[in-house]
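This report refers to the structure that appears directly beneath it.
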Amino acid sequence: MGIANVLVSESSGITKPQTTQKTASDGNSSKELQDNFLTLLIAQMKNQDPTNPMDNSQLTSQLAQINTLAGIERLNTTLGMVSGQIDDSLSVNASNMIGKGVMVPGNKILVATSESESSDSKEETVTTPFGFELVHEADSVIITIQDENGNVVREVDLGAIPAGVSSFTWDGVLNDGTTALDGSYTFSVNASYDGKKVSSTSLSYSVVYGVINSKVNNKVLLDLGILGSISIDEVRQIL
């Protein structure tokens with residue numbers, strides 16, 4: 001058939017830790033509210049009418065609100081510290097992907113001719129892996145490969161494929177039995193189950209050349225060379 005299945009692996013999303021800028025106080029922090037409340041309370045106690053003392057229910061209600069606000073602030077601080085530590089760890093792990101192959105959304109297959117390692121020094125055709133992600137299992141998956149001019153050069157029925165990410169390699173053989181020329185090819189996926197179309201996402205292969213800490217969207221981006229940069233949470237497979 002000319003197309004071989006390759007081991008599937010999983011990937012996880014990494015996001016860059018959020019940075020917080022210190023802003024001027026707006027007077028609504030629990031500490032400031034508490035100070036203001038105590039100041040007003042002391043002034044009110046000094047000037048209250050002995051025949052009409054302060055309502056204890058109002059005092060209790062205001063103290064409860066201050067304590068609630070203080071608790072929320074402490075919780076937000078704690079969660080921010082935990083989130084920052086997790087994101088720092090994920091950012092470090094992203095650097096471990098440098099030099100590795102990944103499958104990301106795309107529909108390209110690159111073909112090149114290289115010298116064989118065997119003693120007869122014959123040339124062999126090398127192609128980059130391709131793949132797809134199915135939202136549901138399919139009992140029929142047809143791959144159509146086209147050249148740069150849009151001509152169909154190979155069509156293969158892969159049969160039944162489970163849901164999730166799958167990757168394959170093409171041997172470069174065309175429908176007429178000849179070998180594909182060096183260059184860039186595109187492919188499309190037609191998946192179905194019981195006669196109904198199954199949604200799929202085409203995946204292309206690339207090598208990670210570096211990690212970019214984006215200041216624009218606060219994300220960790222992967223440098224894929226000529227394919228540009230992509231958010232690490234878009235990686236579907238690590239080869």
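In the structure tokens, the first chain shown is A, the next is B, and so on; residue numbers restart at 1 for each chain, and ligands run from 1 in the order shown.
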Quick one: everything within 10 Å of A:Ser95, counting only C-alpha atoms, minus sequence neighbours fewer than 4 positions away in the same chain. Send it as an MDAnalysis selection string. chainID A and resid 90:91 99 208:212 220 222
Dump as a PDB file, in the first residue's frame, selection limited to C-alpha atoms:
```pdb
ATOM      1  CA  LEU A  90       6.149  23.486  32.130  1.00  0.00           C
ATOM      2  CA  SER A  91       8.235  26.197  30.479  1.00  0.00           C
ATOM      3  CA  GLY A  99      15.487  18.939  18.184  1.00  0.00           C
ATOM      4  CA  VAL A 208      11.413  22.072  16.903  1.00  0.00           C
ATOM      5  CA  TYR A 209      14.359  24.448  16.510  1.00  0.00           C
ATOM      6  CA  GLY A 210      13.790  26.581  19.587  1.00  0.00           C
ATOM      7  CA  VAL A 211      11.406  27.919  22.231  1.00  0.00           C
ATOM      8  CA  ILE A 212      10.050  31.463  22.166  1.00  0.00           C
ATOM      9  CA  VAL A 220       5.382  29.573  25.096  1.00  0.00           C
ATOM     10  CA  LEU A 222       7.807  26.600  19.428  1.00  0.00           C
TER      11      LEU A 222
END
```
For A:Asn149, work out the shell of residues within 12 Å, counting only C-alpha atoms and skipping chain neighbours fewer than 5 positions away, then give it as a PyMOL selection string. chain A and resi 183-186
Between A:Glu155, A:Asp223, A:Glu148, A:Glu137, which is the closest to A:Trp170 once you count only C-alpha atoms?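 Ranked by minimum distance to A:Trp170, first place goes to A:Glu155.
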Could you please determine the separation between atom CA of A:Glu73 and atom CA of A:Ile42 in Å, to one decimal place?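 So the answer is 25.4 Å.
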Extract, using only C-alpha atoms, all DNA, RNA and protein residues at most 12 Å from A:Gly172, discarding same-chain residues fewer than 3 positions from it, and format them as a short mmCIF file (atom, residue, chain, number, x, y, z; two decimals) with N, CA and C atoms, in the first residue's frame.
```cif
data_model
loop_
_atom_site.label_atom_id
_atom_site.label_comp_id
_atom_site.auth_asym_id
_atom_site.auth_seq_id
_atom_site.Cartn_x
_atom_site.Cartn_y
_atom_site.Cartn_z
N MET A 1 0.84 -1.21 0.00
CA MET A 1 0.00 0.00 0.00
C MET A 1 0.87 1.24 0.00
N GLY A 2 2.08 1.15 0.55
CA GLY A 2 3.00 2.27 0.45
C GLY A 2 2.93 3.25 1.59
N ILE A 3 2.07 3.02 2.54
CA ILE A 3 1.97 3.92 3.69
C ILE A 3 2.03 3.09 4.95
N ALA A 4 2.93 3.44 5.86
CA ALA A 4 3.15 2.64 7.07
C ALA A 4 2.73 3.41 8.30
N ILE A 109 3.46 17.42 2.96
CA ILE A 109 4.42 16.32 2.99
C ILE A 109 5.60 16.74 2.13
N LEU A 110 6.80 16.70 2.68
CA LEU A 110 8.00 17.05 1.92
C LEU A 110 8.69 15.78 1.44
N VAL A 111 9.12 15.83 0.18
CA VAL A 111 9.79 14.68 -0.44
C VAL A 111 11.19 15.11 -0.87
N ALA A 112 12.18 14.28 -0.54
CA ALA A 112 13.57 14.57 -0.93
C ALA A 112 14.28 13.26 -1.24
N THR A 113 15.29 13.35 -2.10
CA THR A 113 16.09 12.19 -2.47
C THR A 113 17.42 12.25 -1.74
N GLU A 124 17.65 7.00 -2.42
CA GLU A 124 16.36 6.60 -1.89
C GLU A 124 15.50 7.83 -1.62
N THR A 125 14.20 7.65 -1.69
CA THR A 125 13.26 8.74 -1.48
C THR A 125 12.87 8.80 -0.01
N VAL A 126 12.98 9.98 0.54
CA VAL A 126 12.63 10.20 1.95
C VAL A 126 11.47 11.18 2.01
N THR A 127 10.47 10.86 2.82
CA THR A 127 9.31 11.74 2.98
C THR A 127 9.09 12.04 4.46
N THR A 128 8.55 13.22 4.73
CA THR A 128 8.23 13.56 6.11
C THR A 128 6.93 12.87 6.51
N PRO A 129 6.78 12.49 7.78
CA PRO A 129 5.54 11.86 8.23
C PRO A 129 4.34 12.79 8.07
N ILE A 145 -3.22 12.43 -1.95
CA ILE A 145 -2.00 13.24 -1.99
C ILE A 145 -1.93 13.95 -3.34
N GLN A 146 -1.63 15.25 -3.31
CA GLN A 146 -1.56 16.07 -4.51
C GLN A 146 -0.19 16.73 -4.63
N ASP A 147 0.22 16.99 -5.87
CA ASP A 147 1.48 17.70 -6.08
C ASP A 147 1.25 19.20 -5.98
N VAL A 153 -1.75 12.53 -7.10
CA VAL A 153 -0.66 11.62 -7.46
C VAL A 153 -0.74 10.30 -6.72
N ARG A 154 -1.48 10.27 -5.63
CA ARG A 154 -1.61 9.00 -4.87
C ARG A 154 -2.88 9.05 -4.03
N GLU A 155 -3.57 7.95 -3.99
CA GLU A 155 -4.79 7.82 -3.17
C GLU A 155 -4.74 6.46 -2.50
N THR A 169 3.74 7.23 7.33
CA THR A 169 4.76 7.67 6.38
C THR A 169 4.38 7.16 5.00
N ASN A 175 0.61 6.74 -7.98
CA ASN A 175 -0.40 5.79 -8.47
C ASN A 175 0.08 4.99 -9.67
N ASP A 176 0.92 5.62 -10.51
CA ASP A 176 1.38 4.92 -11.71
C ASP A 176 2.63 4.07 -11.47
N GLY A 177 3.05 3.96 -10.20
CA GLY A 177 4.20 3.13 -9.88
C GLY A 177 5.53 3.84 -9.91
N THR A 178 5.56 5.07 -10.38
CA THR A 178 6.81 5.82 -10.40
C THR A 178 7.05 6.46 -9.03
N THR A 179 8.23 7.07 -8.89
CA THR A 179 8.60 7.69 -7.62
C THR A 179 8.38 9.20 -7.68
N ALA A 180 7.89 9.75 -6.60
CA ALA A 180 7.61 11.18 -6.54
C ALA A 180 8.90 11.99 -6.65
N LEU A 181 8.81 13.13 -7.34
CA LEU A 181 9.94 14.03 -7.45
C LEU A 181 10.11 14.82 -6.15
N ASP A 182 11.31 15.34 -5.94
CA ASP A 182 11.55 16.16 -4.74
C ASP A 182 10.63 17.38 -4.77
N GLY A 183 10.12 17.75 -3.61
CA GLY A 183 9.27 18.93 -3.54
C GLY A 183 8.26 18.83 -2.41
N SER A 184 7.30 19.74 -2.45
CA SER A 184 6.26 19.81 -1.42
C SER A 184 4.94 19.28 -1.96
N TYR A 185 4.31 18.41 -1.20
CA TYR A 185 3.03 17.84 -1.57
C TYR A 185 2.02 18.15 -0.47
#
```
What's around A:Lys197 at 12 Å? Count only C-alpha atoms, leave out sequence neighbours fewer than 5 positions away in its own chain, and write the answer as JSON, numbers by chain. {"A": [134, 135, 136, 137, 138, 139, 140, 141, 142, 189, 190, 191, 192]}
For the residues in the current selection, export C-alpha atoms as a PDB file, in the first residue's frame.
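part_12.pdb written:
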```pdb
ATOM      1  CA  LEU A 134     -10.167  11.912  14.372  1.00  0.00           C
ATOM      2  CA  VAL A 135     -12.903  12.998  16.757  1.00  0.00           C
ATOM      3  CA  HIS A 136     -14.551   9.593  16.316  1.00  0.00           C
ATOM      4  CA  GLU A 137     -13.420   6.187  15.103  1.00  0.00           C
ATOM      5  CA  ALA A 138     -13.729   5.629  11.357  1.00  0.00           C
ATOM      6  CA  ASP A 139     -14.270   2.448   9.364  1.00  0.00           C
ATOM      7  CA  SER A 140     -12.844   4.089   6.238  1.00  0.00           C
ATOM      8  CA  VAL A 141     -10.073   6.680   5.911  1.00  0.00           C
ATOM      9  CA  ILE A 142      -8.956   7.690   2.424  1.00  0.00           C
ATOM     10  CA  VAL A 189      -8.302  13.193   4.723  1.00  0.00           C
ATOM     11  CA  ASN A 190     -11.730  11.743   3.972  1.00  0.00           C
ATOM     12  CA  ALA A 191     -12.898   9.773   7.018  1.00  0.00           C
ATOM     13  CA  SER A 192     -16.292   8.157   7.522  1.00  0.00           C
TER      14      SER A 192
END
```
